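target-v5.txt (compact mmCIF, C-alpha atoms)
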# COMPACT_ATOMS: atom_id res chain seq x y z
CA MET A 873 -35.82 46.61 183.44
CA ASN A 874 -36.70 49.16 186.02
CA HIS A 875 -35.89 47.90 189.52
CA ASN A 876 -39.25 49.13 190.75
CA GLU A 877 -41.08 46.91 188.31
CA THR A 878 -39.14 43.79 189.26
CA ALA A 879 -41.54 41.12 190.42
CA VAL A 880 -40.53 39.90 193.87
CA VAL A 881 -41.76 36.44 194.73
CA ARG A 882 -41.77 35.82 198.46
CA SER A 883 -42.56 32.71 200.40
CA PRO A 884 -45.37 32.86 203.03
CA GLU A 885 -42.66 32.70 205.73
CA GLN A 886 -40.92 35.78 204.28
CA VAL A 887 -44.22 37.67 204.09
CA LEU A 888 -44.99 36.75 207.72
CA ALA A 889 -41.49 37.83 208.78
CA ALA A 890 -41.87 41.17 206.95
CA ASN A 891 -45.28 41.76 208.56
CA LYS A 892 -43.81 40.96 211.98
CA THR A 893 -40.99 43.48 211.40
CA ILE A 894 -43.50 46.15 210.36
CA ARG A 895 -45.67 45.45 213.44
CA ASN A 896 -42.65 45.46 215.79
CA THR A 897 -41.32 48.71 214.29
CA TYR A 898 -44.61 50.58 214.65
CA THR A 899 -45.24 49.21 218.17
CA LEU A 900 -41.76 50.28 219.30
CA LEU A 901 -42.11 53.63 217.53
CA SER A 902 -45.44 54.37 219.25
CA MET A 903 -44.04 53.45 222.68
CA THR A 904 -40.90 55.56 222.23
CA LEU A 905 -42.96 58.52 220.97
CA ILE A 906 -45.19 58.35 224.05
CA PHE A 907 -42.13 58.06 226.34
CA SER A 908 -40.42 60.96 224.57
CA ALA A 909 -43.55 63.13 224.89
CA VAL A 910 -43.73 62.37 228.64
CA MET A 911 -40.05 63.36 229.02
CA ALA A 912 -40.69 66.56 227.04
CA VAL A 913 -43.59 67.47 229.35
CA ILE A 914 -41.41 66.77 232.42
CA SER A 915 -38.51 68.93 231.17
CA THR A 916 -40.94 71.72 230.14
CA GLY A 917 -42.39 71.67 233.65
CA MET A 918 -38.91 71.69 235.18
CA ASN A 919 -37.98 74.76 233.07
CA VAL A 920 -34.59 73.29 232.16
CA SER A 921 -32.15 75.58 230.34
CA PHE A 922 -31.32 75.40 226.63
CA MET A 923 -27.79 74.32 227.61
CA THR A 924 -29.17 71.32 229.56
CA GLY A 925 -31.38 70.48 226.57
CA LEU A 926 -28.38 70.67 224.24
CA ILE A 927 -26.35 68.36 226.50
CA ALA A 928 -29.27 65.86 226.54
CA ASN A 929 -29.28 65.97 222.72
CA ILE A 930 -25.50 65.46 222.55
CA VAL A 931 -25.71 62.38 224.82
CA ALA A 932 -28.67 61.04 222.79
CA ILE A 933 -26.76 61.46 219.50
CA ALA A 934 -23.66 59.78 221.01
CA LEU A 935 -25.81 56.81 222.10
CA LEU A 936 -27.49 56.73 218.68
CA TRP A 937 -24.23 56.61 216.72
CA LEU A 938 -21.96 54.67 219.07
CA VAL A 939 -24.13 52.33 221.19
CA LEU A 940 -27.36 51.58 219.31
CA PRO A 941 -25.75 49.93 216.22
CA LYS A 942 -23.85 47.55 218.53
CA THR A 943 -26.91 46.61 220.62
CA ALA A 944 -29.67 46.67 217.98
CA ASN A 945 -29.56 42.89 217.50
CA SER A 946 -30.30 42.16 221.16
CA SER A 947 -33.00 43.15 223.66
CA THR A 948 -30.51 45.67 225.13
CA GLY A 949 -31.14 47.73 222.00
CA ILE A 950 -34.73 48.40 223.09
CA GLY A 951 -33.49 49.88 226.39
CA VAL A 952 -30.89 51.97 224.53
CA LEU A 953 -33.58 53.23 222.13
CA PHE A 954 -35.79 54.26 225.04
CA ALA A 955 -32.82 56.09 226.61
CA ILE A 956 -32.14 57.90 223.29
CA THR A 957 -35.75 58.91 222.68
CA GLY A 958 -36.19 59.92 226.32
CA LEU A 959 -33.14 62.18 226.10
CA PHE A 960 -34.35 63.70 222.82
CA GLY A 961 -37.73 64.33 224.46
CA PHE A 962 -36.04 65.88 227.49
CA GLY A 963 -33.95 68.05 225.15
CA LEU A 964 -37.14 69.30 223.50
CA GLY A 965 -38.45 70.75 226.79
CA PRO A 966 -36.61 74.12 226.66
CA LEU A 967 -37.87 74.73 223.10
CA LEU A 968 -41.47 73.99 224.11
CA ALA A 969 -41.14 76.18 227.22
CA HIS A 970 -39.77 79.00 225.01
CA TYR A 971 -42.80 78.77 222.68
CA LEU A 972 -45.20 78.68 225.62
CA HIS A 973 -43.64 81.79 227.20
CA ALA A 974 -42.66 83.83 224.12
CA PHE A 975 -45.93 83.51 222.16
CA THR A 976 -49.46 84.15 223.35
CA ASN A 977 -50.62 81.34 221.05
CA GLY A 978 -47.65 79.09 221.97
CA GLY A 979 -49.85 76.21 223.12
CA GLN A 980 -51.83 76.35 219.88
CA LEU A 981 -48.59 76.40 217.83
CA ILE A 982 -47.25 73.31 219.65
CA ALA A 983 -50.55 71.43 219.31
CA THR A 984 -50.80 72.33 215.61
CA ALA A 985 -47.20 71.25 214.96
CA ALA A 986 -47.76 67.95 216.83
CA GLY A 987 -51.06 67.26 215.06
CA GLY A 988 -49.61 68.27 211.69
CA THR A 989 -46.62 65.99 212.20
CA GLY A 990 -48.97 63.10 213.05
CA VAL A 991 -51.09 63.70 209.94
CA ILE A 992 -48.03 63.98 207.66
CA PHE A 993 -46.41 60.83 209.10
CA LEU A 994 -49.58 58.73 208.98
CA GLY A 995 -50.48 60.02 205.50
CA LEU A 996 -47.07 59.30 203.99
CA SER A 997 -46.78 55.92 205.72
CA ALA A 998 -50.25 54.93 204.49
CA TYR A 999 -49.32 56.07 200.96
CA ALA A 1000 -46.11 53.99 200.96
CA MET A 1001 -47.91 50.97 202.49
CA GLN A 1002 -50.87 51.13 200.11
CA THR A 1003 -48.91 51.68 196.89
CA ARG A 1004 -46.10 49.31 198.07
CA LYS A 1005 -43.78 51.35 195.83
CA ASP A 1006 -40.04 50.99 196.28
CA PHE A 1007 -38.70 54.46 197.14
CA SER A 1008 -35.07 53.30 197.51
CA PHE A 1009 -34.17 55.45 194.46
CA MET A 1010 -34.66 58.51 196.71
CA GLY A 1011 -31.71 57.51 198.94
CA GLY A 1012 -28.98 59.45 197.11
CA PHE A 1013 -31.14 62.55 196.74
CA LEU A 1014 -32.14 62.53 200.43
CA ALA A 1015 -28.54 61.97 201.60
CA ALA A 1016 -27.24 64.80 199.41
CA GLY A 1017 -30.07 67.06 200.57
CA LEU A 1018 -29.33 66.36 204.22
CA ILE A 1019 -25.61 67.11 203.74
CA VAL A 1020 -26.45 70.45 202.07
CA VAL A 1021 -28.90 71.33 204.87
CA LEU A 1022 -26.36 70.45 207.61
CA LEU A 1023 -23.72 72.63 205.90
CA ALA A 1024 -26.23 75.49 205.59
CA ILE A 1025 -27.16 75.13 209.30
CA ILE A 1026 -23.48 75.50 210.23
CA GLY A 1027 -23.19 78.50 207.88
CA ASN A 1028 -26.26 80.16 209.38
CA LEU A 1029 -24.80 79.86 212.89
CA PHE A 1030 -22.36 82.56 211.71
CA LEU A 1031 -24.63 84.44 209.28
CA GLN A 1032 -27.72 84.52 211.55
CA MET A 1033 -30.08 85.15 208.61
CA PRO A 1034 -33.79 84.72 209.58
CA ALA A 1035 -34.81 84.10 205.95
CA LEU A 1036 -32.24 81.30 205.62
CA HIS A 1037 -33.47 79.85 208.93
CA LEU A 1038 -37.01 79.73 207.53
CA ALA A 1039 -35.85 78.24 204.23
CA LEU A 1040 -33.85 75.58 206.11
CA ASN A 1041 -36.88 74.60 208.20
CA ALA A 1042 -38.99 74.30 205.05
CA ALA A 1043 -36.25 72.18 203.45
CA ILE A 1044 -36.02 69.94 206.55
CA ILE A 1045 -39.81 69.35 206.44
CA MET A 1046 -39.52 68.23 202.81
CA LEU A 1047 -36.46 66.08 203.52
CA MET A 1048 -38.08 64.38 206.53
CA ALA A 1049 -41.24 63.74 204.50
CA GLY A 1050 -38.99 62.11 201.88
CA PHE A 1051 -37.21 60.07 204.55
CA ILE A 1052 -40.58 58.81 205.88
CA LEU A 1053 -41.45 57.52 202.39
CA TYR A 1054 -37.96 56.02 202.01
CA GLU A 1055 -37.95 54.34 205.45
CA THR A 1056 -41.49 52.95 205.14
CA SER A 1057 -40.65 51.50 201.73
CA GLN A 1058 -37.44 50.02 203.19
CA LEU A 1059 -39.54 48.40 205.93
CA ILE A 1060 -41.71 46.75 203.28
CA HIS A 1061 -39.03 45.73 200.78
CA ASP A 1062 -35.84 45.06 202.74
CA PRO A 1063 -35.99 41.61 204.40
CA HIS A 1064 -32.82 42.27 206.41
CA VAL A 1065 -34.02 45.42 208.12
CA ASN A 1066 -33.64 45.68 211.92
CA TYR A 1067 -36.83 46.92 213.59
CA ILE A 1068 -34.97 48.75 216.40
CA MET A 1069 -32.84 50.70 213.89
CA MET A 1070 -35.93 51.42 211.77
CA ALA A 1071 -37.87 52.68 214.80
CA ALA A 1072 -34.88 54.95 215.64
CA SER A 1073 -34.73 56.32 212.06
CA MET A 1074 -38.47 56.96 211.95
CA PHE A 1075 -38.40 58.58 215.40
CA LEU A 1076 -35.69 61.00 214.19
CA SER A 1077 -37.68 61.86 211.06
CA ILE A 1078 -40.77 62.58 213.18
CA LEU A 1079 -38.79 64.63 215.73
CA ASN A 1080 -37.09 66.75 213.06
CA LEU A 1081 -40.39 67.19 211.21
CA PHE A 1082 -42.08 68.37 214.42
CA THR A 1083 -39.37 70.86 215.43
CA SER A 1084 -39.09 72.35 211.93
CA LEU A 1085 -42.86 72.63 211.59
CA LEU A 1086 -42.99 74.32 215.00
CA HIS A 1087 -40.25 76.82 213.95
CA LEU A 1088 -42.07 77.54 210.69
CA LEU A 1089 -45.43 78.03 212.42
CA GLY A 1090 -43.79 80.18 215.10
CA ALA A 1091 -42.09 82.41 212.53
CA LEU A 1092 -45.11 82.82 210.26
CA SER A 1093 -48.09 82.57 212.63
CA GLY A 1094 -46.71 83.28 216.11
CA ASP A 1095 -48.24 86.14 218.17
CA ASP A 1096 -45.55 87.77 220.35
CA MET B 983 -23.52 86.54 226.42
CA GLU B 984 -20.71 84.11 227.17
CA ASN B 985 -23.30 81.41 227.81
CA ASN B 986 -24.90 82.20 224.46
CA THR B 987 -21.52 81.92 222.69
CA THR B 988 -20.85 78.57 224.38
CA PHE B 989 -24.30 77.38 223.27
CA MET B 990 -23.62 78.47 219.69
CA VAL B 991 -20.18 76.82 219.64
CA LEU B 992 -21.60 73.56 221.07
CA SER B 993 -24.50 73.63 218.57
CA GLY B 994 -22.04 74.15 215.71
CA LEU B 995 -19.80 71.32 216.94
CA LEU B 996 -22.83 69.04 217.33
CA THR B 997 -24.01 69.75 213.77
CA LEU B 998 -20.45 69.25 212.48
CA GLY B 999 -20.27 65.95 214.41
CA ILE B 1000 -23.55 64.79 212.84
CA LEU B 1001 -22.18 65.76 209.41
CA VAL B 1002 -18.94 63.81 209.95
CA MET B 1003 -20.75 60.74 211.34
CA PHE B 1004 -23.40 60.79 208.59
CA TRP B 1005 -20.94 61.32 205.72
CA PRO B 1006 -19.91 57.65 205.14
CA ARG B 1007 -23.55 56.51 205.07
CA ALA B 1008 -24.53 59.46 202.88
CA ARG B 1009 -21.73 58.65 200.41
CA ALA B 1010 -22.84 55.02 200.26
CA MET B 1011 -26.46 56.09 199.71
CA MET B 1012 -25.41 58.49 196.93
CA GLN B 1013 -23.23 55.87 195.20
CA HIS B 1014 -25.42 52.78 195.53
CA SER B 1015 -28.98 54.08 195.30
CA PRO B 1016 -30.82 52.71 192.28
CA LYS B 1017 -31.88 55.21 189.63
CA GLY B 1018 -35.57 56.09 189.58
CA SER B 1019 -37.58 56.55 186.39
CA GLY B 1020 -39.72 59.61 185.67
CA VAL B 1021 -42.81 57.73 186.85
CA ASP B 1022 -41.02 56.78 190.10
CA TRP B 1023 -40.13 60.42 190.79
CA ILE B 1024 -43.67 61.59 190.07
CA SER B 1025 -45.00 59.02 192.55
CA ALA B 1026 -42.65 60.49 195.17
CA ILE B 1027 -43.15 64.16 194.30
CA LEU B 1028 -46.97 64.02 194.44
CA PRO B 1029 -47.20 63.14 198.17
CA LEU B 1030 -44.42 65.67 198.91
CA LEU B 1031 -46.47 68.36 197.13
CA ALA B 1032 -49.43 67.32 199.27
CA VAL B 1033 -47.22 67.90 202.34
CA VAL B 1034 -46.35 71.41 201.05
CA GLY B 1035 -50.06 72.16 200.59
CA PHE B 1036 -50.88 70.81 204.05
CA VAL B 1037 -48.15 72.92 205.72
CA ILE B 1038 -49.44 76.05 203.94
CA LEU B 1039 -52.93 75.17 205.20
CA LEU B 1040 -51.61 74.82 208.77
CA ILE B 1041 -49.82 78.19 208.57
CA ALA B 1042 -53.01 79.85 207.29
CA ALA B 1043 -55.15 78.14 209.94
CA VAL B 1044 -53.11 79.19 213.02

If you took the structure in this file and wrote it as structure tokens, what would it be?
Amino acid sequence: MNHNETAVVRSPEQVLAANKTIRNTYTLLSMTLIFSAVMAVISTGMNVSFMTGLIANIVAIALLWLVLPKTANSSTGIGVLFAITGLFGFGLGPLLAHYLHAFTNGGQLIATAAGGTGVIFLGLSAYAMQTRKDFSFMGGFLAAGLIVVLLAIIGNLFLQMPALHLALNAAIIMLMAGFILYETSQLIHDPHVNYIMMAASMFLSILNLFTSLLHLLGALSGDD
Amino acid sequence: MENNTTFMVLSGLLTLGILVMFWPRARAMMQHSPKGSGVDWISAILPLLAVVGFVILLIAAV
């Protein structure tokens, strides 16, 4: 029998618990996105260098991998998640400043990428919520895809091929769209999911989707 | 120039670090993910195709 057709009987308590997890995840995700956007605006205004942005990203990734998993089961995890998303937002500032200064339509590109990311995220989440399909079968494919993309990113640091850069951004958009389906379905079907870890995963998918969409729009529609 | 090289080296190390940290989880996902049927894959591919169409629309609109 296909796992996706397996009838899952849940008690009212389990349904309530799942709904609470979904509500907590989306509330936390919205708050961290707003906080991250505020930090991005601050760092754009401060004109911080790309090196400072990179260091902010390195600290955020270190917190994400080393601290968040250990604190996600306590209220400390919420503070750590805000620190991580704030640092990622701060790290985004130099990129946004670059688009604003390098392109005459930089503001339009950023607004389009942000709006597009919002539409894609809400659309895919609504699709997964409405159909209530279990997309856990995509896990292996998404993991393999992400490994290939990370290897290609390292390769392109040496090769510096613009066409590969474009192809990688397109691939990242598809992968992050897949991850949004996968994570939303996990939120619905996995009773043991931690809402802080889920909010962190969804935040990363949204952030990567936004930056790749911005790069793609900049390369194909940017006016120098 | 030197600053640019340092930035590139740090970026490369960061990406490599992400790869190394993600590898155990990725391996587990690849080994333990359930297999999807043709219908399952179609239900995943359709919204992804809609994303492709939407991105093309955005590129054309800007």

Next on the checklist: Taking only C-alpha atoms into account and nothing else, which residues of chain B lie no more than 6 Å away from chain A? Please answer as a list in words.
Outcome noted: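 So the contacting residues turn out to be Gly994, Ala1008, Met1011, Met1012, Ser1015, Pro1016, Lys1017, Gly1018 and Ile1041 of chain B.
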
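Here atom CA of Ser997 of chain A and atom CA of Glu1055 of chain A stand 9.0 Å from one another.
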
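As for atom CA of Gly958 of chain A and atom CA of Thr904 of chain A, they are spaced 7.6 Å apart.
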
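Counting from atom CA of Ile1060 of chain A, the distance to atom CA of Ala889 of chain A is 10.5 Å.
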
Sort by chain and increasing residue number a table of all residues of segment 935-962 of chain A within 9 Å of segment 912-920 of chain A, each with its closest pair of atoms and their distance in Å to one decimal, counting only C-alpha atoms, and write it as a tab-separated table.
residue	atom	partner	partner_atom	distance
A:Gly958	CA	A:Ala912	CA	8.1
A:Leu959	CA	A:Ala912	CA	8.8
A:Phe960	CA	A:Ala912	CA	8.1
A:Gly961	CA	A:Ala912	CA	4.5
A:Phe962	CA	A:Ala912	CA	4.7
